[in-house]
Every structure is written in C-alpha cells, then in structure tokens.
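Enquirer: Structure file structure22.txt (compact mmCIF, C-alpha atoms) right here:
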```
# COMPACT_ATOMS: atom_id res chain seq x y z
CA MET A 1 -22.44 -34.18 -9.15
CA SER A 2 -22.15 -32.72 -12.67
CA PRO A 3 -18.77 -31.71 -14.17
CA ASP A 4 -20.08 -28.11 -14.35
CA LEU A 5 -20.62 -28.04 -10.62
CA TRP A 6 -17.27 -29.75 -9.91
CA MET A 7 -15.46 -27.04 -11.90
CA ILE A 8 -17.30 -24.11 -10.30
CA LEU A 9 -16.93 -25.49 -6.77
CA ALA A 10 -13.24 -26.18 -7.38
CA PHE A 11 -12.73 -22.58 -8.51
CA ALA A 12 -14.64 -21.14 -5.53
CA GLY A 13 -12.86 -23.42 -3.08
CA LEU A 14 -9.40 -22.56 -4.40
CA LEU A 15 -10.16 -18.82 -4.20
CA ILE A 16 -11.40 -19.17 -0.61
CA ALA A 17 -8.26 -21.14 0.22
CA GLY A 18 -6.18 -18.18 -0.95
CA VAL A 19 -4.84 -19.65 -4.18
CA PRO A 20 -4.04 -16.85 -6.69
CA VAL A 21 -6.76 -16.24 -9.29
CA ALA A 22 -4.62 -17.40 -12.24
CA PHE A 23 -3.85 -20.80 -10.70
CA SER A 24 -7.42 -21.16 -9.37
CA LEU A 25 -8.71 -20.78 -12.93
CA ALA A 26 -6.21 -23.27 -14.35
CA LEU A 27 -6.74 -25.92 -11.68
CA ALA A 28 -10.53 -25.57 -11.80
CA GLY A 29 -10.38 -25.96 -15.59
CA ALA A 30 -8.29 -29.10 -15.16
CA VAL A 31 -10.87 -30.48 -12.67
CA GLY A 32 -13.61 -29.82 -15.23
CA ILE A 33 -11.62 -31.59 -17.98
CA VAL A 34 -10.90 -34.67 -15.84
CA SER A 35 -14.45 -34.96 -14.44
CA GLY A 36 -16.40 -34.24 -17.62
CA LEU A 37 -14.18 -35.02 -20.59
CA SER A 38 -11.15 -37.30 -20.35
CA PRO A 39 -7.80 -37.19 -18.55
CA ALA A 40 -6.21 -37.51 -22.01
CA MET A 41 -7.62 -34.04 -22.82
CA LEU A 42 -5.16 -32.55 -20.31
CA ALA A 43 -2.75 -32.67 -23.25
CA THR A 44 -4.54 -29.53 -24.55
CA LEU A 45 -3.36 -27.41 -21.59
CA GLY A 46 -0.27 -26.10 -23.37
CA THR A 47 -2.16 -25.27 -26.55
CA ASN A 48 -4.93 -23.48 -24.64
CA THR A 49 -2.53 -21.33 -22.63
CA TYR A 50 -0.64 -20.34 -25.78
CA ASN A 51 -3.79 -19.58 -27.79
CA SER A 52 -5.07 -17.35 -24.99
CA ILE A 53 -2.19 -14.89 -25.30
CA ALA A 54 -1.29 -15.30 -28.98
CA LYS A 55 -3.44 -12.30 -29.92
CA TYR A 56 -2.04 -9.20 -31.61
CA PRO A 57 -4.10 -6.60 -29.64
CA LEU A 58 -2.66 -7.93 -26.36
CA ILE A 59 0.70 -6.40 -27.31
CA ALA A 60 -0.80 -3.04 -26.31
CA ILE A 61 -1.19 -4.07 -22.65
CA PRO A 62 2.53 -4.31 -21.66
CA LEU A 63 3.25 -1.21 -23.75
CA PHE A 64 0.62 0.92 -22.02
CA ILE A 65 1.82 -0.40 -18.65
CA LEU A 66 5.32 0.76 -19.62
CA THR A 67 3.90 4.12 -20.74
CA GLY A 68 2.31 4.65 -17.33
CA LEU A 69 5.54 3.79 -15.51
CA ILE A 70 7.59 6.13 -17.72
CA PHE A 71 5.26 9.09 -17.23
CA GLU A 72 5.08 8.39 -13.50
CA ARG A 73 8.90 8.53 -13.15
CA ALA A 74 9.36 11.43 -15.59
CA GLY A 75 7.88 13.99 -13.19
CA VAL A 76 4.74 14.41 -15.27
CA ALA A 77 2.32 14.19 -12.33
CA LEU A 78 4.13 16.98 -10.44
CA ARG A 79 4.01 19.30 -13.45
CA LEU A 80 0.32 18.62 -14.00
CA VAL A 81 -0.40 19.30 -10.33
CA ARG A 82 1.47 22.61 -10.40
CA PHE A 83 -0.35 23.72 -13.54
CA ALA A 84 -3.76 22.75 -12.11
CA GLN A 85 -2.98 24.56 -8.85
CA ALA A 86 -1.98 27.70 -10.74
CA LEU A 87 -5.15 27.50 -12.83
CA ILE A 88 -7.57 26.92 -9.96
CA GLY A 89 -5.91 29.01 -7.29
CA PRO A 90 -6.51 28.86 -3.52
CA ARG A 91 -10.13 28.09 -2.62
CA HIS A 92 -12.16 25.63 -0.57
CA GLY A 93 -11.74 22.25 -2.20
CA GLY A 94 -9.12 23.55 -4.65
CA LEU A 95 -6.66 20.72 -4.06
CA ALA A 96 -9.48 18.17 -4.24
CA LEU A 97 -10.34 19.56 -7.68
CA VAL A 98 -6.66 19.38 -8.67
CA ALA A 99 -6.43 15.74 -7.54
CA VAL A 100 -9.45 14.69 -9.61
CA LEU A 101 -8.33 16.57 -12.73
CA VAL A 102 -4.76 15.25 -12.58
CA CYS A 103 -5.98 11.66 -12.05
CA MET A 104 -8.18 11.96 -15.14
CA ILE A 105 -5.35 13.36 -17.28
CA MET A 106 -2.92 10.72 -16.02
CA GLY A 107 -5.54 8.09 -16.83
CA GLY A 108 -5.33 9.27 -20.43
CA MET A 109 -1.70 8.16 -20.47
CA SER A 110 -1.43 4.99 -18.39
CA GLY A 111 -4.78 3.20 -18.69
CA SER A 112 -4.10 1.68 -15.25
CA GLY A 113 -5.86 2.71 -12.04
CA PRO A 114 -3.18 1.58 -9.52
CA ALA A 115 -0.36 3.27 -11.49
CA ASP A 116 -2.43 6.46 -11.73
CA ALA A 117 -3.21 6.34 -7.98
CA ALA A 118 0.46 5.86 -7.05
CA ALA A 119 1.74 8.71 -9.22
CA VAL A 120 -0.84 11.25 -8.04
CA ALA A 121 -0.82 10.21 -4.37
CA MET A 122 2.95 10.67 -4.11
CA VAL A 123 2.57 14.28 -5.24
CA MET A 124 -0.82 15.31 -3.85
CA LEU A 125 -1.03 13.70 -0.40
CA PRO A 126 1.61 15.91 1.31
CA SER A 127 0.02 19.10 -0.08
CA MET A 128 -3.51 18.05 0.85
CA THR A 129 -2.48 17.05 4.37
CA LYS A 130 -0.72 20.39 4.86
CA ALA A 131 -3.87 22.20 3.68
CA GLY A 132 -5.99 20.48 6.33
CA TYR A 133 -7.52 17.56 4.44
CA PRO A 134 -7.70 14.36 6.55
CA LYS A 135 -5.50 11.62 5.13
CA PRO A 136 -8.37 9.08 4.84
CA PHE A 137 -10.39 11.54 2.72
CA SER A 138 -7.43 12.42 0.47
CA ALA A 139 -6.39 8.79 -0.02
CA THR A 140 -9.95 7.74 -0.89
CA LEU A 141 -10.54 10.65 -3.28
CA ILE A 142 -7.32 9.94 -5.19
CA ALA A 143 -8.09 6.20 -5.31
CA ALA A 144 -11.61 6.87 -6.61
CA SER A 145 -10.44 9.43 -9.17
CA ALA A 146 -7.69 7.09 -10.39
CA SER A 147 -10.33 4.46 -11.15
CA THR A 148 -11.45 6.60 -14.12
CA ALA A 149 -8.25 5.36 -15.84
CA ILE A 150 -10.08 2.22 -16.95
CA LEU A 151 -12.69 4.39 -18.68
CA ILE A 152 -10.69 7.24 -20.18
CA PRO A 153 -8.71 5.96 -23.19
CA PRO A 154 -6.31 4.26 -23.47
CA SER A 155 -7.69 1.63 -21.08
CA VAL A 156 -6.11 -1.75 -20.44
CA ALA A 157 -9.50 -3.11 -19.32
CA LEU A 158 -11.22 -2.03 -22.54
CA ILE A 159 -8.41 -3.57 -24.63
CA LEU A 160 -9.12 -6.91 -22.96
CA TYR A 161 -12.90 -6.49 -23.39
CA SER A 162 -12.42 -5.96 -27.13
CA ILE A 163 -10.53 -9.26 -27.30
CA VAL A 164 -13.00 -11.26 -25.19
CA VAL A 165 -16.11 -9.95 -27.02
CA PRO A 166 -15.94 -10.77 -30.74
CA GLY A 167 -16.60 -8.01 -33.26
CA VAL A 168 -16.21 -5.03 -30.93
CA ASP A 169 -14.13 -2.16 -32.36
CA LEU A 170 -11.51 -1.08 -29.81
CA ARG A 171 -11.50 2.46 -31.24
CA ALA A 172 -15.26 2.65 -30.61
CA LEU A 173 -14.72 1.46 -27.02
CA PHE A 174 -12.01 4.07 -26.45
CA ALA A 175 -14.26 6.83 -27.79
CA ALA A 176 -17.25 5.53 -25.81
CA GLY A 177 -15.30 5.62 -22.54
CA LEU A 178 -14.35 9.30 -22.77
CA PHE A 179 -17.60 11.02 -21.72
CA PRO A 180 -18.56 8.43 -19.06
CA GLY A 181 -15.03 8.80 -17.67
CA ILE A 182 -15.41 12.57 -17.47
CA LEU A 183 -18.90 12.15 -15.97
CA ALA A 184 -17.50 9.80 -13.32
CA GLY A 185 -14.81 12.36 -12.46
CA LEU A 186 -17.40 15.13 -12.14
CA ALA A 187 -19.59 12.88 -9.99
CA LEU A 188 -16.68 12.40 -7.58
CA LEU A 189 -15.88 16.09 -7.61
CA VAL A 190 -19.32 17.27 -6.43
CA PRO A 191 -19.27 15.59 -2.98
CA ALA A 192 -15.55 16.35 -2.61
CA LEU A 193 -16.15 20.08 -3.05
CA LEU A 194 -19.26 20.08 -0.83
CA VAL A 195 -17.46 18.24 1.97
CA SER A 196 -14.40 20.50 1.66
CA LYS A 197 -16.58 23.58 2.01
CA ARG A 198 -18.60 22.05 4.84
CA TYR A 199 -15.50 21.37 6.96
CA GLY A 200 -13.56 24.42 5.83
CA TRP A 201 -10.60 22.51 4.42
CA GLU A 202 -8.18 24.73 2.52
CA GLY A 203 -9.24 28.36 2.90
CA GLY A 204 -9.61 30.91 0.16
CA THR A 205 -6.24 32.58 0.77
CA PRO A 206 -2.77 31.14 0.15
CA ALA A 207 -1.01 29.66 3.14
CA GLU A 208 1.76 31.77 4.60
CA GLY A 209 4.97 31.15 2.72
CA ALA A 210 3.18 29.26 -0.05
CA GLU A 211 4.74 29.48 -3.48
CA ARG A 212 2.83 31.62 -5.97
CA LEU A 213 2.44 29.68 -9.20
CA GLU A 214 2.20 31.43 -12.57
CA VAL A 215 -0.28 29.93 -15.01
CA GLY A 216 1.85 30.62 -18.08
CA GLU A 217 5.04 29.13 -16.70
CA THR A 218 3.38 26.03 -15.24
CA PHE A 219 1.45 25.52 -18.50
CA LYS A 220 4.74 25.41 -20.43
CA GLN A 221 6.10 22.82 -18.03
CA ALA A 222 2.91 20.72 -18.23
CA LEU A 223 2.50 20.99 -22.01
CA PRO A 224 4.38 17.75 -22.86
CA ALA A 225 2.12 15.85 -20.46
CA LEU A 226 -1.05 17.49 -21.75
CA PHE A 227 -0.07 16.65 -25.33
CA ALA A 228 0.22 12.89 -24.64
CA PRO A 229 -3.55 12.10 -24.66
CA VAL A 230 -3.96 14.37 -27.70
CA LEU A 231 -1.24 12.43 -29.53
CA ILE A 232 -2.75 9.04 -28.70
CA LEU A 233 -6.39 9.90 -29.44
CA GLY A 234 -5.57 12.14 -32.39
CA GLY A 235 -3.49 9.42 -34.00
CA LEU A 236 -6.28 6.88 -33.52
CA ARG A 237 -8.94 9.21 -34.94
CA SER A 238 -6.85 10.19 -37.96
CA GLY A 239 -6.07 6.57 -38.74
CA LEU A 240 -2.36 7.29 -38.48
CA PHE A 241 -1.92 4.25 -36.27
CA THR A 242 -3.93 1.39 -34.76
CA PRO A 243 -4.58 1.08 -30.99
CA THR A 244 -1.65 -1.35 -30.69
CA GLU A 245 0.64 0.99 -32.63
CA ALA A 246 -0.62 3.86 -30.44
CA ALA A 247 0.89 2.05 -27.46
CA VAL A 248 4.29 1.99 -29.18
CA VAL A 249 3.99 5.71 -29.99
CA ALA A 250 3.05 6.45 -26.36
CA VAL A 251 6.12 4.61 -25.04
CA ALA A 252 8.44 6.42 -27.48
CA TYR A 253 6.90 9.81 -26.65
CA GLY A 254 7.10 9.18 -22.90
CA ALA A 255 10.76 8.19 -23.18
CA LEU A 256 11.57 11.34 -25.15
CA VAL A 257 9.75 13.50 -22.60
CA GLY A 258 11.53 11.90 -19.66
CA LEU A 259 15.00 11.84 -21.23
CA PHE A 260 15.12 15.20 -23.01
CA LEU A 261 12.34 17.50 -21.73
CA THR A 262 11.85 16.87 -18.01
CA ARG A 263 15.32 15.24 -17.81
CA GLU A 264 14.19 13.18 -14.82
CA LEU A 265 14.91 9.90 -16.61
CA ASN A 266 18.22 8.44 -17.74
CA LEU A 267 19.03 5.30 -19.69
CA ARG A 268 19.58 3.28 -16.51
CA ASP A 269 16.12 4.34 -15.23
CA LEU A 270 14.60 3.38 -18.57
CA TRP A 271 16.23 -0.04 -18.41
CA ASN A 272 14.87 -0.58 -14.88
CA LEU A 273 11.40 0.50 -16.01
CA LEU A 274 11.51 -2.05 -18.82
CA GLY A 275 12.15 -4.76 -16.23
CA GLU A 276 9.39 -3.46 -13.95
CA ALA A 277 6.89 -3.33 -16.83
CA ALA A 278 7.89 -6.87 -17.83
CA VAL A 279 7.16 -8.17 -14.32
CA ILE A 280 3.74 -6.45 -14.13
CA SER A 281 2.87 -7.55 -17.67
CA GLY A 282 3.97 -11.09 -16.85
CA VAL A 283 1.42 -11.25 -14.04
CA VAL A 284 -1.34 -9.96 -16.35
CA MET A 285 -0.42 -12.35 -19.16
CA LEU A 286 -0.20 -15.29 -16.74
CA ILE A 287 -3.80 -14.65 -15.66
CA ILE A 288 -4.94 -14.43 -19.29
CA ALA A 289 -3.00 -17.56 -20.30
CA LEU A 290 -4.21 -19.79 -17.46
CA ALA A 291 -7.77 -18.47 -17.77
CA GLY A 292 -7.68 -20.01 -21.25
CA ILE A 293 -7.79 -23.47 -19.65
CA PHE A 294 -10.88 -22.53 -17.64
CA ALA A 295 -12.53 -20.94 -20.69
CA TRP A 296 -11.87 -23.97 -22.91
CA ALA A 297 -13.15 -26.42 -20.31
CA GLY A 298 -16.24 -24.30 -19.63
CA THR A 299 -17.00 -24.09 -23.35
CA MET A 300 -16.52 -27.80 -24.02
CA LEU A 301 -18.62 -28.80 -21.00
CA GLY A 302 -21.33 -26.24 -21.79
CA THR A 303 -20.89 -24.67 -18.35
CA PHE A 304 -21.08 -21.08 -19.60
CA ARG A 305 -24.13 -21.85 -21.75
CA HIS A 306 -25.92 -23.42 -18.77
CA LEU A 307 -25.10 -20.48 -16.51
CA ALA A 308 -26.22 -17.99 -19.19
CA GLU A 309 -29.51 -19.85 -19.60
CA TRP A 310 -29.99 -19.78 -15.84
CA VAL A 311 -29.33 -16.01 -15.73
CA ILE A 312 -31.74 -15.37 -18.63
CA GLY A 313 -34.35 -17.51 -16.88
CA LEU A 314 -34.25 -15.31 -13.78
CA SER A 315 -36.43 -12.65 -15.44
CA ASP A 316 -37.91 -11.63 -18.77
CA ASN A 317 -37.41 -8.00 -17.81
CA GLY A 318 -34.17 -6.79 -19.43
CA THR A 319 -33.92 -3.77 -17.12
CA LEU A 320 -34.22 -5.85 -13.95
CA LEU A 321 -31.70 -8.34 -15.25
CA LEU A 322 -29.28 -5.54 -16.18
CA ILE A 323 -29.49 -4.27 -12.58
CA LEU A 324 -28.78 -7.78 -11.25
CA VAL A 325 -25.81 -8.16 -13.62
CA MET A 326 -24.41 -4.78 -12.56
CA LEU A 327 -24.72 -5.71 -8.88
CA ALA A 328 -22.95 -9.03 -9.55
CA VAL A 329 -20.11 -7.29 -11.39
CA LEU A 330 -19.84 -4.68 -8.62
CA LEU A 331 -19.52 -7.46 -6.04
CA ALA A 332 -16.90 -9.19 -8.20
CA GLY A 333 -15.06 -5.86 -8.56
CA MET A 334 -14.76 -5.66 -4.77
CA LEU A 335 -12.92 -9.00 -4.73
CA LEU A 336 -11.15 -9.44 -8.09
CA ASP A 337 -9.17 -7.37 -10.58
CA ALA A 338 -10.66 -6.18 -13.89
CA ILE A 339 -8.81 -8.73 -16.01
CA SER A 340 -10.04 -11.69 -13.96
CA ILE A 341 -13.62 -10.37 -14.00
CA TYR A 342 -13.69 -10.09 -17.79
CA LEU A 343 -12.16 -13.53 -18.28
CA ILE A 344 -14.49 -15.25 -15.78
CA MET A 345 -17.79 -13.44 -16.41
CA MET A 346 -17.85 -12.50 -20.10
CA PRO A 347 -18.36 -16.06 -21.41
CA ILE A 348 -21.55 -16.08 -19.30
CA LEU A 349 -22.63 -12.50 -20.04
CA ILE A 350 -22.13 -12.50 -23.83
CA PRO A 351 -25.17 -14.78 -24.45
CA VAL A 352 -27.21 -12.69 -21.96
CA MET A 353 -26.18 -9.49 -23.76
CA GLN A 354 -27.15 -10.97 -27.12
CA HIS A 355 -30.48 -12.30 -25.81
CA PHE A 356 -31.62 -8.89 -24.60
CA GLY A 357 -30.07 -6.97 -27.50
CA TRP A 358 -27.81 -4.80 -25.36
CA ASN A 359 -25.29 -2.77 -27.35
CA PRO A 360 -21.88 -4.43 -26.71
CA VAL A 361 -19.99 -1.11 -26.66
CA TRP A 362 -22.42 0.46 -24.18
CA PHE A 363 -22.48 -2.73 -22.09
CA GLY A 364 -18.66 -2.78 -22.02
CA ILE A 365 -18.59 0.76 -20.65
CA LEU A 366 -21.16 -0.13 -17.95
CA LEU A 367 -19.00 -3.09 -16.92
CA ALA A 368 -15.90 -0.88 -16.84
CA MET A 369 -17.69 1.69 -14.64
CA ASN A 370 -18.73 -1.07 -12.25
CA ILE A 371 -15.20 -2.43 -12.10
CA ALA A 372 -13.91 1.13 -11.54
CA ILE A 373 -16.13 1.39 -8.45
CA GLY A 374 -14.73 -1.92 -7.24
CA GLN A 375 -11.18 -0.54 -7.47
CA PHE A 376 -11.80 1.70 -4.44
CA THR A 377 -14.38 -0.41 -2.57
CA PRO A 378 -13.03 -2.61 0.27
CA PRO A 379 -12.18 -5.37 1.02
CA VAL A 380 -9.72 -5.66 -1.90
CA ALA A 381 -9.81 -2.13 -3.44
CA VAL A 382 -6.49 -2.19 -5.32
CA ASN A 383 -6.36 1.59 -5.83
CA LEU A 384 -7.17 2.25 -2.19
CA MET A 385 -4.48 -0.19 -1.07
CA VAL A 386 -1.94 1.86 -3.01
CA THR A 387 -3.01 5.26 -1.65
CA THR A 388 -3.43 4.11 1.98
CA GLU A 389 0.04 2.58 1.86
CA ILE A 390 1.49 5.89 0.65
CA ALA A 391 -0.56 7.84 3.25
CA ARG A 392 0.50 5.33 5.94
CA ILE A 393 -3.05 4.80 7.22
CA ARG A 394 -5.21 1.70 7.68
CA LEU A 395 -7.67 0.70 4.96
CA GLU A 396 -10.59 0.58 7.43
CA GLN A 397 -10.15 4.30 8.16
CA THR A 398 -11.37 5.08 4.64
CA LEU A 399 -14.64 3.11 4.73
CA GLY A 400 -16.96 6.09 5.29
CA TRP A 401 -15.40 8.19 2.54
CA ALA A 402 -15.31 5.19 0.19
CA LEU A 403 -19.07 4.74 0.61
CA LEU A 404 -19.67 8.41 -0.23
CA PHE A 405 -17.68 8.18 -3.48
CA VAL A 406 -19.23 4.80 -4.36
CA LEU A 407 -22.66 6.44 -4.23
CA ALA A 408 -21.42 9.36 -6.34
CA MET A 409 -19.98 7.15 -9.06
CA ALA A 410 -23.03 4.87 -8.91
CA GLY A 411 -25.04 7.98 -9.83
CA ALA A 412 -22.87 8.46 -12.93
CA LEU A 413 -23.25 4.76 -13.79
CA THR A 414 -27.04 5.08 -13.53
CA LEU A 415 -27.05 8.03 -15.94
CA VAL A 416 -25.03 6.09 -18.53
CA ALA A 417 -27.35 3.09 -18.09
CA ILE A 418 -30.48 5.22 -18.60
CA PHE A 419 -29.02 7.36 -21.40
CA PRO A 420 -26.79 5.08 -23.56
CA GLU A 421 -25.99 7.98 -25.90
CA ILE A 422 -23.66 9.41 -23.24
CA ALA A 423 -21.34 6.57 -24.24
CA LEU A 424 -22.42 5.97 -27.84
CA TRP A 425 -22.70 9.52 -29.20
CA LEU A 426 -18.97 10.14 -29.68
CA PRO A 427 -18.13 6.85 -31.44
CA ARG A 428 -21.15 7.38 -33.73
CA VAL A 429 -19.98 10.90 -34.62
CA LEU A 430 -16.44 9.63 -35.27
CA GLY A 431 -17.86 6.99 -37.61
CA TYR A 432 -16.89 3.90 -35.61
CA ASN A 433 -18.92 0.72 -35.67
CA VAL A 434 -21.22 0.61 -32.63
```
Just dump the structure as structure tokens.
Expert:
Amino acid sequence: MSPDLWMILAFAGLLIAGVPVAFSLALAGAVGIVSGLSPAMLATLGTNTYNSIAKYPLIAIPLFILTGLIFERAGVALRLVRFAQALIGPRHGGLALVAVLVCMIMGGMSGSGPADAAAVAMVMLPSMTKAGYPKPFSATLIAASASTAILIPPSVALILYSIVVPGVDLRALFAAGLFPGILAGLALLVPALLVSKRYGWEGGTPAEGAERLEVGETFKQALPALFAPVLILGGLRSGLFTPTEAAVVAVAYGALVGLFLTRELNLRDLWNLLGEAAVISGVVMLIIALAGIFAWAGTMLGTFRHLAEWVIGLSDNGTLLLILVMLAVLLAGMLLDAISIYLIMMPILIPVMQHFGWNPVWFGILLAMNIAIGQFTPPVAVNLMVTTEIARIRLEQTLGWALLFVLAMAGALTLVAIFPEIALWLPRVLGYNV
C-alpha cells in the first residue's frame, strides 16, 4: 500500500475512532512520514508546528474571538434586538426578521458563528417562544442566521483562507463576503416570513402588557453597537489600519463600550473574558499547528498533488466539477469545523482552482457559504448545538426546519456561483486586487 493511502486511511480511521481532528491530522501526518519518508524526518515535527502558526495575520483570530466575547457580554445583542423590534413593530414574522437582522449585525463584530448564535439566542428565544414561535423553528432560524458571520466581515474563516491560499488579499475577501452574506440572510428571511404568516405566529397587534419601544430611544442605545462594523470596515477601506490592526481596534472599542457606555462590563469581567478567549484561541491554534504536520507530509509525499490530479481527471467540465467540489465541501461542513476544512481540503483544491481558472476570491466565498450551511446542518451543526442547548430541546427536533433553511441558503449559494459579480463587484469598486 502506498504512503499516500496509509496517511489518508490513518486520518479517516482516527476520525471514525473519535480522535479529535487536530490529533488525527498530526498522527496521520506522522504515519505518512514514517511510511513514505524516513523515521528520522519525525525530527521536523516541532519546526512544522511552529511554522504553521508563526504567521502575522493569524494574530487577528484570537483578537476577533475576544471582540465577539466582549460584545456578547456587554449587552450589545439586547440593545440591537430592542432597536430592531422598535423599527419593525408587531407583525407576522416580526421577531423572525429581528433575529436575522441582529445575527447579521453581530456577525459584523465577532466573525464567529457559534458566538453569534449564543448571544442572539439568549436574548431572542424567550421573546419568540412567548410570541408563539415553536422552539425548534426559533433555534434553527437563529443558528442559520448566525452562520452568515463567516461571510460578513470580519470573518475568522476568511482570515484563514487568505493565509492558506497564497496571494489572496484579505481586504478583497472581506469586501467580497458582504453582499453574499446579506443575500444569504435575505434567503433565510423569505421562508421564515412565509412560514410565520402561514401558521399565524406573532399577530399584528402588540401582546397585552407588552412594552412599547420608541425608535429614537432604542436607536441611541444601539448606536455604539451599530458603529462597530462601520469602524472596522471604514478603517480598512481608508487604509487607516490593516485587517490585523482592525482586530486590535475592535477589541479596544468593545472594551470601551462595555466598560463606559453600556456599563455591563467591569475589569474583573474583562480579565475573565481574556482567559476565555485564550482557551478558545488555543483550540483553534492547536488545530492549525498540528495540521502543519499533515500538510508538510502530504506535500513531501505528493499526496495532495495526486488527489488534485484525480479530481481534475473526473471531468473536463469546470461547471460539473465545481458542483462536485461544492457538494464535497458541504458534506465536510456537516462533519467538521471551518478551520479543519480549509486546512485539509485547500491543498487539494488550490491546484483544481488554478487548472480551471476559478477566481480565488470568488471561490473562497463559495467555500465559506458552503461551510456556513454546514454550521446548521446535522449531525454536527455547531451553531445548532449552541441554540438547541439554550432552548433546551433535542437536535433531532430541528431536522425539518434545518432542511428548509439549507434549501434557502443553497439558493443564495447558487446565485453567487452563477453570477460571480455578486461577490466580486464590491472589491473591484474599492480597488482591491481580485
């Protein structure tokens, strides 16, 4: 059996056995090194793990994770919900519209789907349940809407893509994700509103005893939160700071908002959040570091080149092959997290992308949309796990609603695939390299 096959089978077997992805990648890489190179080459393990994370843009990942945690604890989600409710008013599907909008705005601060889902679910689920929405529907809608966080800038997934794919401008990726992210949110909103009207959830009059919210007052309270995406994107566009520096600015701004404006954070809370962000970031960086062993072994053995040649040989039709790649990524998204998918699949997909001349920025957005769908598609569905835990329901209760929203977002993905300018128009206008 070839070393390529030994490495791939070792990785698959370890995953099936329940070994965490990070250690499966490292051990499979070690199997590939021993079987195809030389046991003496195991001495490169330390260098490979270090080189995998010794990249300046990766600094943005822990900082944006910290930003999401700070805004979540600073009461930002509640203020955004109150403003959206005041703006939309009581109507069929009103709270569903609020949930989608708030998830999209929160995604413009955290860049993380699970963090977005947790913050919005804590605020929205009680209100939606009281208004007559079934918990499985509400939990699935919030989980699906929170998945737009990996499209709407800043996105942790797109930061990693820019590192894995050489020569891709992160600013161009951020700009390219904006309209597809909005399109994905709108695609989720259409069935949510139709279903709400069909079943009569949340009538057109305020519930008895419901608080009347003033648009002006709630807007003032939500203004600091609404300004955060403007600050991040405006600073990037003006050239005032780089994407990595934008993460530092976001953390500083979030801390100021929580400490002095909403006053829902204190220094002890901030210290605890630093520890929490460090733990989450440590998990992410561990995956990236140990995946370096797998990547190095696969490159030295030619495994990725062989797999890419096999994929290219499946068909000469670029459109058909793009569909097959998207289905493969969607399946991977149902089982693995975004970081693992990029680290495992991109070494194989980069030669395929170059062979067919696919635009790397556009292709990155398509991958991100596929991974977003996977975040609320069982069996793994990280966003859905978060919202069902908060709603105290079983994951299997959401299957029907999950399928509905998968089809909706797949429609948005199809539009971006057919019309690449949906993603590429904005970065072109802003003068970024696409």
Enquirer: With a cut-off of 10 Å, could you pull out the residues of stretch 134-228 of chain A touching stretch 350-366 of chain A and give me the nearest pair of atoms for each, distance in Å to one decimal, using only C-alpha atoms, ordered by chain and ascending number, as a Markdown table?
Expert:
```
| residue | atom | partner | partner_atom | distance |
| --- | --- | --- | --- | --- |
| A:Ile150 | CA | A:Ile365 | CA | 9.4 |
| A:Leu151 | CA | A:Ile365 | CA | 7.2 |
| A:Ala157 | CA | A:Gly364 | CA | 9.6 |
| A:Leu158 | CA | A:Gly364 | CA | 7.5 |
| A:Tyr161 | CA | A:Gly364 | CA | 7.0 |
| A:Ser162 | CA | A:Gly364 | CA | 8.7 |
| A:Val164 | CA | A:Ile350 | CA | 9.3 |
| A:Val165 | CA | A:Ile350 | CA | 7.3 |
| A:Pro166 | CA | A:Ile350 | CA | 9.4 |
| A:Gly167 | CA | A:Pro360 | CA | 9.1 |
| A:Val168 | CA | A:Val361 | CA | 6.9 |
| A:Asp169 | CA | A:Val361 | CA | 8.2 |
| A:Leu170 | CA | A:Val361 | CA | 9.0 |
| A:Ala172 | CA | A:Val361 | CA | 7.2 |
| A:Leu173 | CA | A:Val361 | CA | 5.9 |
| A:Phe174 | CA | A:Ile365 | CA | 9.4 |
| A:Ala175 | CA | A:Val361 | CA | 9.9 |
| A:Ala176 | CA | A:Ile365 | CA | 7.2 |
| A:Gly177 | CA | A:Ile365 | CA | 6.2 |
| A:Leu178 | CA | A:Ile365 | CA | 9.8 |
| A:Pro180 | CA | A:Ile365 | CA | 7.8 |
| A:Gly181 | CA | A:Ile365 | CA | 9.3 |
```
Enquirer: Leaving out A:Leu27 and any residue of its chain fewer than 5 positions from it, which residues lie within 10 Å of it when counting only C-alpha atoms, given as a count of residues only?
Expert: 13
Enquirer: Sort by chain and increasing residue number a table of all residues of stretch 132-228 of chain A within 9 Å of stretch 400-418 of chain A, each with its closest pair of atoms and their distance in Å to one decimal, counting all atoms listed in the file, and write it as a tab-separated table.
Expert:
```
residue	atom	partner	partner_atom	distance
A:Pro136	CA	A:Trp401	CA	7.5
A:Phe137	CA	A:Trp401	CA	6.0
A:Thr140	CA	A:Ala402	CA	6.0
A:Leu141	CA	A:Phe405	CA	7.6
A:Ala144	CA	A:Phe405	CA	7.0
A:Pro180	CA	A:Val416	CA	6.9
A:Leu183	CA	A:Ala412	CA	6.2
A:Ala184	CA	A:Ala412	CA	5.5
A:Gly185	CA	A:Met409	CA	8.1
A:Leu186	CA	A:Ala412	CA	8.7
A:Ala187	CA	A:Ala408	CA	5.4
A:Leu188	CA	A:Ala408	CA	5.8
A:Leu189	CA	A:Ala408	CA	8.8
A:Val190	CA	A:Ala408	CA	8.2
A:Pro191	CA	A:Ala408	CA	7.4
A:Ala192	CA	A:Phe405	CA	8.5
```
Enquirer: Find the distance between atom CA of A:Ala115 and atom CA of A:Val230 and write it in Å to one decimal.
Expert: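 Computing it gives 20.0 Å between the two atoms.
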Enquirer: Tell me which of A:Leu193, A:Met300, A:Met104, A:Leu270 sits closest to A:Leu37, counting only C-alpha atoms.
Expert: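 The answer is A:Met300, which sits nearest to A:Leu37.
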Enquirer: Starting from the sparse input, extend stretch 26-36 of chain A to N, CA and C atoms and give the output as a short mmCIF file (atom, residue, chain, number, x, y, z; two decimals), in the frame of the given file.
Expert:
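Heads up, here's the output in selection-v3.cif:
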```cif
data_model
loop_
_atom_site.label_atom_id
_atom_site.label_comp_id
_atom_site.auth_asym_id
_atom_site.auth_seq_id
_atom_site.Cartn_x
_atom_site.Cartn_y
_atom_site.Cartn_z
N ALA A 26 -6.83 -22.14 -13.66
CA ALA A 26 -6.21 -23.27 -14.35
C ALA A 26 -6.57 -24.60 -13.70
N LEU A 27 -6.46 -24.67 -12.38
CA LEU A 27 -6.74 -25.92 -11.68
C LEU A 27 -8.22 -26.29 -11.77
N ALA A 28 -9.10 -25.30 -11.68
CA ALA A 28 -10.53 -25.57 -11.80
C ALA A 28 -10.85 -26.08 -13.21
N GLY A 29 -10.20 -25.48 -14.22
CA GLY A 29 -10.38 -25.96 -15.59
C GLY A 29 -9.93 -27.40 -15.74
N ALA A 30 -8.80 -27.72 -15.10
CA ALA A 30 -8.29 -29.10 -15.16
C ALA A 30 -9.26 -30.07 -14.48
N VAL A 31 -9.86 -29.65 -13.36
CA VAL A 31 -10.87 -30.48 -12.67
C VAL A 31 -12.06 -30.74 -13.59
N GLY A 32 -12.50 -29.67 -14.30
CA GLY A 32 -13.61 -29.82 -15.23
C GLY A 32 -13.28 -30.78 -16.36
N ILE A 33 -12.05 -30.71 -16.88
CA ILE A 33 -11.62 -31.59 -17.98
C ILE A 33 -11.60 -33.05 -17.52
N VAL A 34 -11.02 -33.30 -16.34
CA VAL A 34 -10.90 -34.67 -15.84
C VAL A 34 -12.27 -35.27 -15.52
N SER A 35 -13.15 -34.44 -14.90
CA SER A 35 -14.45 -34.96 -14.44
C SER A 35 -15.48 -35.07 -15.57
N GLY A 36 -15.37 -34.25 -16.60
CA GLY A 36 -16.40 -34.24 -17.62
C GLY A 36 -15.96 -34.66 -19.00
#
```
